[in-house]
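Asker: Structure file coords_28.tsv (TSV, C-alpha atoms) is given on the next line.
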```tsv
chain	number	residue	atom	x	y	z
A	205	MET	CA	18.98	-29.12	-5.19
A	206	ILE	CA	20.33	-28.32	-1.76
A	207	VAL	CA	22.16	-31.28	-0.29
A	208	CYS	CA	23.50	-29.84	2.94
A	209	VAL	CA	23.11	-26.87	5.28
A	210	ALA	CA	25.51	-26.15	8.12
A	211	VAL	CA	25.87	-23.58	10.89
A	212	VAL	CA	29.30	-23.05	12.37
A	213	GLY	CA	30.07	-21.07	15.51
A	214	HIS	CA	32.61	-18.30	15.91
A	215	ASN	CA	35.34	-20.68	17.09
A	216	ASN	CA	34.69	-22.82	14.02
A	217	ASN	CA	32.82	-25.30	16.15
A	218	PRO	CA	29.93	-27.03	14.36
A	219	LEU	CA	26.53	-25.94	15.66
A	220	TYR	CA	24.27	-27.63	13.18
A	221	LEU	CA	24.70	-29.78	10.10
A	222	GLN	CA	21.93	-31.39	8.14
A	223	SER	CA	22.16	-33.24	4.85
A	224	PHE	CA	19.15	-33.52	2.60
A	225	ILE	CA	19.98	-36.56	0.53
A	226	ASP	CA	19.33	-40.16	1.33
A	227	ASP	CA	22.72	-41.79	1.26
A	228	ASP	CA	23.37	-40.31	4.69
A	229	ASN	CA	27.00	-39.62	4.14
A	230	THR	CA	27.18	-36.74	6.60
A	231	LEU	CA	30.87	-37.27	7.15
A	232	LYS	CA	31.51	-36.15	3.60
A	233	PHE	CA	29.61	-32.95	4.27
A	234	HIS	CA	31.45	-32.35	7.50
A	235	TYR	CA	34.57	-32.54	5.41
A	236	ILE	CA	33.28	-30.16	2.74
A	237	VAL	CA	32.07	-27.65	5.34
A	238	HIS	CA	35.35	-27.90	7.20
A	239	CYS	CA	37.25	-27.07	4.02
A	240	SER	CA	34.98	-24.15	3.31
A	241	LEU	CA	35.94	-22.53	6.63
A	242	ASP	CA	39.41	-21.80	5.31
A	243	VAL	CA	37.94	-20.14	2.27
A	244	ILE	CA	35.63	-18.08	4.48
A	245	GLU	CA	38.55	-16.94	6.59
A	246	GLU	CA	40.49	-16.00	3.52
A	247	LYS	CA	37.60	-14.10	1.98
A	248	VAL	CA	36.98	-12.17	5.18
A	249	SER	CA	40.60	-11.20	5.75
A	250	ASN	CA	40.94	-10.24	2.08
A	251	SER	CA	37.95	-7.98	2.15
A	252	LYS	CA	39.19	-6.43	5.37
A	253	ARG	CA	42.50	-5.61	3.77
A	254	ALA	CA	40.85	-4.21	0.70
A	255	GLY	CA	38.66	-2.07	2.94
A	256	VAL	CA	35.43	-3.00	1.23
A	257	ASN	CA	32.07	-3.02	2.87
A	258	LEU	CA	32.57	-4.85	6.15
A	259	ASN	CA	28.88	-5.13	6.77
A	260	GLU	CA	28.43	-7.46	3.83
A	261	THR	CA	27.43	-10.79	5.33
A	262	PHE	CA	26.99	-12.74	2.11
A	263	LEU	CA	30.28	-14.25	0.98
A	264	GLY	CA	29.14	-15.70	-2.32
A	265	LEU	CA	30.43	-18.87	-3.92
A	266	LEU	CA	33.22	-20.25	-1.77
A	267	TYR	CA	34.44	-23.02	-4.03
A	268	PRO	CA	33.07	-25.55	-6.48
A	269	THR	CA	33.81	-29.25	-6.11
A	270	GLU	CA	33.18	-31.87	-8.75
A	271	ASP	CA	29.59	-32.44	-7.68
A	272	TYR	CA	28.71	-29.49	-5.52
A	273	LYS	CA	28.87	-25.78	-5.16
A	274	VAL	CA	29.49	-24.31	-1.74
A	275	TYR	CA	28.15	-20.91	-0.67
A	276	GLY	CA	28.93	-19.04	2.51
A	277	TYR	CA	27.47	-16.34	4.72
A	278	MET	CA	28.89	-14.93	7.93
A	279	SER	CA	26.97	-12.90	10.48
A	280	ASN	CA	28.59	-10.01	12.32
A	281	THR	CA	28.98	-12.28	15.34
A	282	LYS	CA	31.09	-14.61	13.19
A	283	ILE	CA	28.49	-17.33	12.95
A	284	LYS	CA	29.02	-18.97	9.57
A	285	PHE	CA	26.31	-20.47	7.45
A	286	VAL	CA	27.31	-22.85	4.70
A	287	LEU	CA	25.16	-24.13	1.87
A	288	VAL	CA	26.09	-27.09	-0.33
A	289	THR	CA	24.08	-27.48	-3.50
A	290	THR	CA	24.16	-29.52	-6.69
A	291	ASP	CA	22.70	-26.69	-8.79
A	292	GLN	CA	25.26	-25.44	-11.21
A	293	ASP	CA	23.59	-22.10	-11.82
A	294	SER	CA	21.77	-20.83	-8.74
A	295	ARG	CA	20.61	-17.25	-8.90
A	296	ASP	CA	22.54	-15.00	-6.60
A	297	ALA	CA	19.35	-13.44	-5.29
A	298	ASP	CA	17.96	-16.86	-4.36
A	299	VAL	CA	21.04	-17.78	-2.40
A	300	ARG	CA	21.06	-14.44	-0.62
A	301	ASN	CA	17.43	-14.83	0.25
A	302	PHE	CA	18.05	-18.35	1.51
A	303	PHE	CA	20.80	-17.18	3.82
A	304	ARG	CA	18.74	-14.30	5.10
A	305	ARG	CA	15.96	-16.66	6.12
A	306	LEU	CA	18.40	-19.16	7.58
A	307	HIS	CA	19.97	-16.38	9.60
A	308	ALA	CA	16.54	-15.34	10.91
A	309	ALA	CA	15.80	-18.94	11.88
A	310	TYR	CA	19.11	-19.14	13.69
A	311	VAL	CA	18.45	-15.91	15.58
A	312	ASP	CA	15.13	-17.26	16.84
A	313	ALA	CA	16.71	-20.58	17.83
A	314	ALA	CA	19.49	-18.76	19.67
A	315	SER	CA	16.87	-16.72	21.55
A	316	ASN	CA	15.49	-19.85	23.15
A	317	PRO	CA	16.48	-19.51	26.81
A	318	PHE	CA	17.32	-23.22	26.87
A	319	HIS	CA	19.83	-22.90	24.08
A	320	VAL	CA	23.39	-22.52	25.32
A	321	PRO	CA	25.39	-20.24	23.03
A	322	GLY	CA	28.23	-22.14	21.38
A	323	LYS	CA	26.54	-25.52	21.85
A	324	LYS	CA	24.86	-27.55	19.14
A	325	ILE	CA	21.39	-26.53	18.13
A	326	THR	CA	19.07	-29.36	19.09
A	327	SER	CA	15.80	-27.55	18.55
A	328	ALA	CA	13.23	-29.50	16.55
A	329	VAL	CA	11.52	-26.27	15.52
A	330	PHE	CA	14.76	-24.99	14.05
A	331	ALA	CA	15.27	-28.23	12.11
A	332	GLU	CA	11.75	-27.98	10.75
A	333	ARG	CA	12.21	-24.36	9.72
A	334	VAL	CA	15.45	-25.18	7.96
A	335	GLY	CA	13.65	-28.00	6.15
A	336	ASN	CA	11.00	-25.57	4.97
A	337	ILE	CA	13.54	-23.00	3.85
A	338	VAL	CA	15.39	-25.68	1.91
A	339	LYS	CA	12.16	-26.89	0.32
A	340	SER	CA	11.19	-23.42	-0.85
A	341	PHE	CA	14.66	-22.62	-2.15
A	342	GLY	CA	14.51	-21.20	-5.64
A	343	ALA	CA	10.74	-20.99	-5.56
A	344	PRO	CA	9.22	-17.54	-6.05
A	345	ALA	CA	9.12	-15.63	-2.77
A	346	PRO	CA	5.81	-16.00	-0.93
A	347	ALA	CA	3.64	-12.93	-1.32
B	104	MET	CA	11.05	-6.82	15.72
B	105	ARG	CA	7.61	-6.89	17.10
B	106	ALA	CA	5.75	-3.82	18.15
B	107	SER	CA	5.92	-2.89	21.78
B	108	LEU	CA	4.00	-4.85	24.28
B	109	ARG	CA	1.47	-2.59	25.86
B	110	PRO	CA	-1.73	-1.82	24.02
B	111	SER	CA	-2.98	1.39	22.59
B	112	ASP	CA	-6.44	0.57	23.77
B	113	PRO	CA	-8.43	3.64	24.76
B	114	ALA	CA	-9.93	1.73	27.70
B	115	VAL	CA	-6.49	1.67	29.24
B	116	SER	CA	-4.88	4.90	30.26
B	117	PRO	CA	-2.46	6.19	27.61
B	118	ALA	CA	0.06	7.09	30.29
B	119	ILE	CA	1.18	3.47	30.62
B	120	GLU	CA	4.77	2.91	29.69
B	121	ARG	CA	5.72	0.24	27.22
B	122	VAL	CA	8.59	-2.16	26.97
B	123	ASN	CA	10.04	-3.98	24.00
B	124	ALA	CA	8.48	-7.43	23.73
B	125	GLU	CA	11.73	-9.24	23.03
B	126	LEU	CA	13.52	-7.64	25.93
B	127	PHE	CA	10.68	-8.78	28.15
B	128	THR	CA	10.61	-12.32	26.75
B	129	LEU	CA	14.35	-12.81	26.97
B	130	THR	CA	14.51	-11.41	30.49
B	131	TYR	CA	11.88	-13.84	31.64
B	132	GLY	CA	13.72	-16.67	29.88
B	133	ALA	CA	16.91	-15.74	31.70
B	134	ILE	CA	15.11	-15.78	35.04
B	135	VAL	CA	13.71	-19.24	34.43
B	136	ARG	CA	17.09	-20.50	33.30
B	137	GLN	CA	18.74	-19.14	36.40
B	138	LEU	CA	16.13	-20.72	38.65
B	139	LEU	CA	16.73	-24.06	36.96
B	140	THR	CA	20.44	-23.78	37.61
B	141	ASP	CA	19.94	-22.66	41.19
B	142	TYR	CA	17.30	-25.11	42.31
B	143	GLU	CA	18.05	-28.03	40.01
B	144	GLU	CA	14.69	-29.62	40.66
B	145	ILE	CA	11.83	-28.84	38.31
B	146	GLU	CA	9.15	-28.97	40.99
B	147	GLU	CA	11.08	-26.53	43.12
B	148	VAL	CA	11.42	-24.15	40.16
B	149	ASN	CA	7.67	-24.30	39.55
B	150	LYS	CA	7.13	-23.43	43.19
B	151	GLN	CA	9.61	-20.55	43.09
B	152	LEU	CA	8.02	-19.10	39.95
B	153	ASP	CA	4.68	-19.23	41.70
B	154	THR	CA	6.08	-17.46	44.75
B	155	MET	CA	7.75	-14.80	42.64
B	156	GLY	CA	4.50	-14.32	40.79
B	157	TYR	CA	2.63	-14.01	44.06
B	158	ASN	CA	4.92	-11.22	45.17
B	159	ILE	CA	4.55	-9.48	41.84
B	160	GLY	CA	0.78	-9.86	41.86
B	161	ALA	CA	0.45	-8.49	45.36
B	162	ARG	CA	2.10	-5.26	44.17
B	163	LEU	CA	0.75	-5.21	40.65
B	164	ILE	CA	-2.87	-5.15	41.74
B	165	ASP	CA	-2.51	-1.60	43.01
B	166	ASP	CA	-0.97	-0.47	39.76
B	167	PHE	CA	-3.75	-2.22	37.92
B	168	LEU	CA	-6.59	-0.72	39.96
B	169	ALA	CA	-5.08	2.74	39.72
B	170	LYS	CA	-4.79	2.69	35.96
B	171	ALA	CA	-7.55	0.48	34.69
B	172	ASN	CA	-10.60	2.70	35.33
B	173	ILE	CA	-12.78	-0.13	36.52
B	174	THR	CA	-15.36	-0.37	39.25
B	175	LYS	CA	-15.68	-2.93	41.97
B	176	CYS	CA	-16.60	-6.38	40.71
B	177	THR	CA	-19.81	-7.84	42.05
B	178	ASP	CA	-19.01	-11.51	41.63
B	179	PHE	CA	-16.28	-13.91	40.64
B	180	ARG	CA	-17.56	-14.12	37.06
B	181	GLU	CA	-17.05	-10.42	36.61
B	182	THR	CA	-13.62	-10.64	38.19
B	183	ALA	CA	-12.58	-13.34	35.75
B	184	ASP	CA	-13.82	-11.23	32.85
B	185	VAL	CA	-11.88	-8.20	34.01
B	186	ILE	CA	-8.71	-10.25	34.40
B	187	ALA	CA	-9.09	-11.75	30.95
B	188	LYS	CA	-10.10	-8.61	29.06
B	189	VAL	CA	-8.40	-5.78	30.94
B	190	GLY	CA	-5.64	-7.35	33.04
B	191	PHE	CA	-4.03	-9.51	30.39
B	192	LYS	CA	-4.46	-6.76	27.83
B	193	MET	CA	-2.80	-4.21	30.05
B	194	PHE	CA	0.23	-6.24	31.10
B	195	LEU	CA	0.78	-8.75	28.31
B	196	ASN	CA	-1.14	-7.22	25.41
B	197	VAL	CA	-3.12	-10.39	24.83
B	198	THR	CA	-6.71	-11.16	25.67
B	199	ALA	CA	-7.80	-14.34	27.31
B	200	THR	CA	-11.12	-16.10	26.92
B	201	VAL	CA	-13.04	-17.13	29.99
B	202	ALA	CA	-14.53	-20.60	29.62
B	203	ASN	CA	-15.46	-23.87	31.29
B	204	TRP	CA	-17.31	-22.47	34.27
B	205	SER	CA	-18.12	-25.00	36.94
B	206	ALA	CA	-21.78	-25.28	37.95
B	207	ASP	CA	-21.30	-23.35	41.19
B	208	SER	CA	-19.43	-20.48	39.45
B	209	MET	CA	-16.43	-21.01	41.66
B	210	GLU	CA	-14.07	-22.34	39.07
B	211	CYS	CA	-13.20	-21.28	35.55
B	212	SER	CA	-10.55	-21.41	32.89
B	213	LEU	CA	-8.66	-18.57	31.28
B	214	ILE	CA	-7.63	-19.57	27.79
B	215	LEU	CA	-4.71	-17.88	26.11
B	216	GLU	CA	-3.99	-18.53	22.48
B	217	ASP	CA	-0.98	-16.30	22.37
B	218	ASN	CA	1.53	-15.74	25.11
B	219	PRO	CA	4.47	-13.37	24.73
B	220	LEU	CA	6.38	-15.18	27.47
B	221	VAL	CA	6.99	-18.22	25.32
B	222	ASP	CA	8.22	-16.69	22.05
B	223	PHE	CA	11.34	-18.63	21.00
B	224	VAL	CA	10.99	-21.09	23.86
B	225	GLU	CA	11.21	-24.84	23.41
B	226	LEU	CA	11.35	-27.06	26.45
B	227	PRO	CA	14.25	-29.49	26.30
B	228	GLU	CA	13.70	-33.18	27.09
B	229	THR	CA	15.06	-32.77	30.58
B	230	CYS	CA	12.55	-30.08	31.57
B	231	GLN	CA	9.27	-31.67	30.51
B	232	GLY	CA	7.69	-31.19	33.92
B	233	LEU	CA	8.46	-27.49	33.99
B	234	SER	CA	5.50	-25.17	34.00
B	235	TYR	CA	7.34	-22.41	32.20
B	236	CYS	CA	4.70	-19.71	32.69
B	237	ASN	CA	3.90	-20.63	36.27
B	238	ILE	CA	4.69	-17.06	37.25
B	239	LEU	CA	1.33	-16.04	35.75
B	240	CYS	CA	-0.48	-18.33	38.22
B	241	GLY	CA	1.36	-16.68	41.06
B	242	VAL	CA	0.53	-13.21	39.76
B	243	LEU	CA	-3.18	-14.00	39.57
B	244	ARG	CA	-3.18	-15.62	43.00
B	245	GLY	CA	-1.31	-12.72	44.58
B	246	ALA	CA	-3.44	-10.06	42.96
B	247	LEU	CA	-6.72	-11.73	43.87
B	248	GLU	CA	-5.62	-12.28	47.42
B	249	MET	CA	-5.06	-8.55	47.81
B	250	VAL	CA	-8.69	-7.96	46.87
B	251	SER	CA	-9.81	-10.56	49.42
B	252	MET	CA	-10.28	-13.57	47.21
B	253	ARG	CA	-8.34	-16.63	48.11
B	254	THR	CA	-7.82	-18.68	44.98
B	255	GLU	CA	-6.03	-21.67	43.63
B	256	VAL	CA	-4.52	-21.13	40.19
B	257	LYS	CA	-2.73	-23.63	38.01
B	258	PHE	CA	-1.93	-24.43	34.41
B	259	VAL	CA	-3.85	-27.33	32.95
B	260	LYS	CA	-2.84	-26.86	29.33
B	261	ASP	CA	0.50	-25.63	28.15
B	262	MET	CA	1.51	-25.09	24.52
B	263	LEU	CA	5.09	-25.86	25.42
B	264	ARG	CA	4.00	-29.35	26.37
B	265	GLY	CA	2.15	-29.85	23.12
B	266	ASP	CA	-1.36	-28.57	23.91
B	267	ASP	CA	-3.07	-26.29	21.45
B	268	VAL	CA	-3.67	-23.42	23.89
B	269	PHE	CA	-2.67	-22.23	27.33
B	270	GLU	CA	-5.35	-22.91	29.88
B	271	ILE	CA	-5.15	-21.51	33.39
B	272	ARG	CA	-7.59	-23.04	35.85
B	273	MET	CA	-8.72	-20.61	38.50
B	274	LYS	CA	-10.63	-21.78	41.55
B	275	LEU	CA	-12.14	-19.48	44.13
B	276	LEU	CA	-11.56	-20.99	47.54
B	277	GLU	CA	-13.13	-18.32	49.71
B	278	GLN	CA	-14.08	-14.68	49.81
B	279	MET	CA	-12.28	-13.33	52.79
B	280	PRO	CA	-14.32	-10.83	54.75
B	281	GLU	CA	-12.66	-7.44	54.90
B	282	GLU	CA	-11.05	-7.07	58.26
B	283	TYR	CA	-9.99	-3.87	59.83
B	284	PRO	CA	-6.63	-3.98	61.50
B	285	TYR	CA	-7.91	-2.15	64.59
B	286	LYS	CA	-10.94	-2.46	66.79
B	287	ASN	CA	-13.58	0.22	66.96
B	288	ASP	CA	-12.81	1.36	70.46
B	289	GLU	CA	-9.11	1.88	69.97
```
In structure tokens, write the structure found in this file.
Answerer:
Amino acid sequence: MIVCVAVVGHNNNPLYLQSFIDDDNTLKFHYIVHCSLDVIEEKVSNSKRAGVNLNETFLGLLYPTEDYKVYGYMSNTKIKFVLVTTDQDSRDADVRNFFRRLHAAYVDAASNPFHVPGKKITSAVFAERVGNIVKSFGAPAPA
Amino acid sequence: MRASLRPSDPAVSPAIERVNAELFTLTYGAIVRQLLTDYEEIEEVNKQLDTMGYNIGARLIDDFLAKANITKCTDFRETADVIAKVGFKMFLNVTATVANWSADSMECSLILEDNPLVDFVELPETCQGLSYCNILCGVLRGALEMVSMRTEVKFVKDMLRGDDVFEIRMKLLEQMPEEYPYKNDE
């Protein structure tokens, strides 16, 4: 089950963070996401040094904690997407697909002329879309 | 990416150039944003959009008449139909429905279910009074004035404010007689 989704801007400023469990401990997720940024940075600079495919946006599993697994994705504009889940064995394809849809939702939200780049995403439509993407996570892709 | 904006309708001349829909939408969004920053007051922005639209419409009508292959309209009903079916199709690639005629055929509604101007757009709390697409009203008013119809055009339903469609109310105020700029004996 997905417990938290976060979008982080290119200066590592939080753009959007939503938790999907009831105990409403968003601070904990802020902390987890914050930690994951270091891992993202490391992964990116490592892959740059190794000269592997720079266009790869999916960063894979960033790190496991006791309860959660954290996945990352970074767009070419250095917008980071972080996914925190309790599933111990998510399929790679599912996670990739999730991030692709999240990225698309973000692009549409960023295209809103009333959205200021680098500021928090306040759009209700975006929140709803993220909710739907989270709900359909792991389900077979719609035909 | 969506397909380009202009139609491939045989009724419309194939020589019409097309523009990418997103470029168009984002450009319009940028204009509205800039107006909001410049004028600060929502009412003033609505007025400016209308004026800009008027200036566009006054020029666009010639382009429209040159390319649309239509004949002179006999009454306001026909005019409304042409706007809805040919005009909107030609410039926005959507078709409007003409509805809600008043008893004296002087007033009608153009109903748009889809509007490329508002893709991506969500009005923030602070801009609830903004008529985001007000430029369309201006365009219609300007264009009709150039073919000697003085009209009053305004939005009565707006999807950005939670309505289910866009409804533009168009009211014919008067048919201006065609005047020649010179007298016969000059």
Asker: Of the candidates B:Ala246, B:Ala206, B:Ala171, B:Leu233, which one gets nearest to Lys192 in chain B if we count only C-alpha atoms?
Answerer: B:Ala171
Asker: Residues of chain B that approach chain A to 6 Å or less, counting all atoms listed in the file: could you list each one with the shortest pair of atoms and its distance in Å to one decimal, rows by chain and increasing residue number, as CSV?
Answerer:
```
residue,atom,partner,partner_atom,distance
B:Gly132,CA,A:Pro317,CA,5.0
B:Phe223,CA,A:Asn316,CA,4.8
B:Val224,CA,A:Asn316,CA,4.7
```
Asker: Using only C-alpha atoms, which of A:His234, A:Leu265, A:Ala297, A:Ile244 sits nearest His214 in chain A?
Answerer: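 Using only C-alpha atoms, the shortest distance to His214 in chain A belongs to A:Ile244.
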Asker: Between CA of Arg244 in chain B and CA of Thr154 in chain B, measure the distance and give it in Å to one decimal.
Answerer: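 These two atoms are separated by 9.6 Å.
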Asker: CA of Met209 in chain B and CA of Leu275 in chain B are how many Å apart?
Answerer: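 Computing it gives 5.2 Å between the two atoms.
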Asker: What is the distance, in Å and to one decimal place, between CA of Ala309 in chain A and CA of Ile145 in chain B?
Answerer: 28.5 Å
Asker: Select range 121-216 of chain B in the preceding structure and write C-alpha atoms to a file as a compact mmCIF listing (two decimals), in the first residue's frame.
Answerer:
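Output (out07.txt):
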```
# COMPACT_ATOMS: atom_id res chain seq x y z
CA ARG B 121 -2.40 25.52 -37.83
CA VAL B 122 -0.81 26.07 -34.48
CA ASN B 123 -0.01 23.66 -31.70
CA ALA B 124 -2.85 23.61 -29.18
CA GLU B 125 -0.63 23.70 -26.12
CA LEU B 126 1.40 26.60 -27.39
CA PHE B 127 -1.84 28.47 -27.94
CA THR B 128 -3.28 27.57 -24.53
CA LEU B 129 -0.13 28.45 -22.62
CA THR B 130 0.29 31.74 -24.49
CA TYR B 131 -3.21 32.77 -23.59
CA GLY B 132 -2.59 31.73 -19.98
CA ALA B 133 0.51 33.89 -19.88
CA ILE B 134 -1.43 36.87 -21.20
CA VAL B 135 -4.11 36.52 -18.55
CA ARG B 136 -1.49 36.14 -15.84
CA GLN B 137 0.29 39.25 -17.00
CA LEU B 138 -2.93 41.24 -17.06
CA LEU B 139 -3.66 40.14 -13.50
CA THR B 140 -0.25 41.34 -12.39
CA ASP B 141 -0.54 44.60 -14.28
CA TYR B 142 -4.07 45.61 -13.37
CA GLU B 143 -4.42 43.87 -10.01
CA GLU B 144 -8.18 44.19 -10.05
CA ILE B 145 -10.21 41.32 -11.45
CA GLU B 146 -12.92 43.53 -12.93
CA GLU B 147 -10.34 45.58 -14.75
CA VAL B 148 -8.76 42.42 -16.17
CA ASN B 149 -12.15 41.25 -17.43
CA LYS B 150 -12.59 44.59 -19.12
CA GLN B 151 -9.13 44.50 -20.68
CA LEU B 152 -9.67 40.98 -22.02
CA ASP B 153 -12.88 42.17 -23.59
CA THR B 154 -11.15 45.14 -25.19
CA MET B 155 -8.33 42.98 -26.50
CA GLY B 156 -10.88 40.58 -27.88
CA TYR B 157 -12.73 43.44 -29.53
CA ASN B 158 -9.59 44.51 -31.32
CA ILE B 159 -8.89 40.95 -32.39
CA GLY B 160 -12.45 40.42 -33.57
CA ALA B 161 -12.47 43.59 -35.61
CA ARG B 162 -9.51 42.26 -37.61
CA LEU B 163 -10.39 38.60 -37.52
CA ILE B 164 -13.73 39.07 -39.23
CA ASP B 165 -12.01 39.88 -42.51
CA ASP B 166 -9.86 36.80 -42.29
CA PHE B 167 -12.94 34.79 -41.48
CA LEU B 168 -15.04 36.13 -44.36
CA ALA B 169 -12.20 35.66 -46.80
CA LYS B 170 -11.61 32.03 -45.92
CA ALA B 171 -14.93 30.65 -44.81
CA ASN B 172 -16.79 30.48 -48.14
CA ILE B 173 -20.06 31.68 -46.71
CA THR B 174 -22.73 33.96 -48.06
CA LYS B 175 -24.35 36.92 -46.42
CA CYS B 176 -26.53 36.02 -43.46
CA THR B 177 -30.16 37.01 -43.70
CA ASP B 178 -30.95 37.22 -40.01
CA PHE B 179 -29.43 37.02 -36.58
CA ARG B 180 -30.35 33.35 -36.22
CA GLU B 181 -28.28 32.49 -39.24
CA THR B 182 -25.42 34.62 -37.96
CA ALA B 183 -25.41 32.76 -34.66
CA ASP B 184 -25.37 29.45 -36.49
CA VAL B 185 -22.44 30.48 -38.65
CA ILE B 186 -20.50 31.65 -35.62
CA ALA B 187 -21.16 28.42 -33.76
CA LYS B 188 -20.58 25.99 -36.61
CA VAL B 189 -18.01 27.71 -38.82
CA GLY B 190 -16.38 30.42 -36.72
CA PHE B 191 -15.60 28.39 -33.63
CA LYS B 192 -14.60 25.44 -35.77
CA MET B 193 -12.22 27.53 -37.81
CA PHE B 194 -10.44 29.31 -34.98
CA LEU B 195 -10.77 27.03 -31.97
CA ASN B 196 -11.58 23.67 -33.55
CA VAL B 197 -14.66 23.21 -31.40
CA THR B 198 -18.30 23.56 -32.32
CA ALA B 199 -20.78 25.42 -30.23
CA THR B 200 -24.48 24.75 -29.91
CA VAL B 201 -26.92 27.58 -30.35
CA ALA B 202 -29.70 27.45 -27.77
CA ASN B 203 -32.08 29.38 -25.54
CA TRP B 204 -33.42 31.81 -28.10
CA SER B 205 -35.46 34.62 -26.68
CA ALA B 206 -38.97 35.06 -28.09
CA ASP B 207 -38.01 38.04 -30.25
CA SER B 208 -34.95 36.25 -31.73
CA MET B 209 -32.67 38.97 -30.48
CA GLU B 210 -30.87 37.00 -27.84
CA CYS B 211 -29.32 33.55 -27.77
CA SER B 212 -26.74 31.40 -26.07
CA LEU B 213 -23.70 29.75 -27.55
CA ILE B 214 -22.88 26.64 -25.57
CA LEU B 215 -19.38 25.23 -25.59
CA GLU B 216 -18.68 21.89 -24.02
```
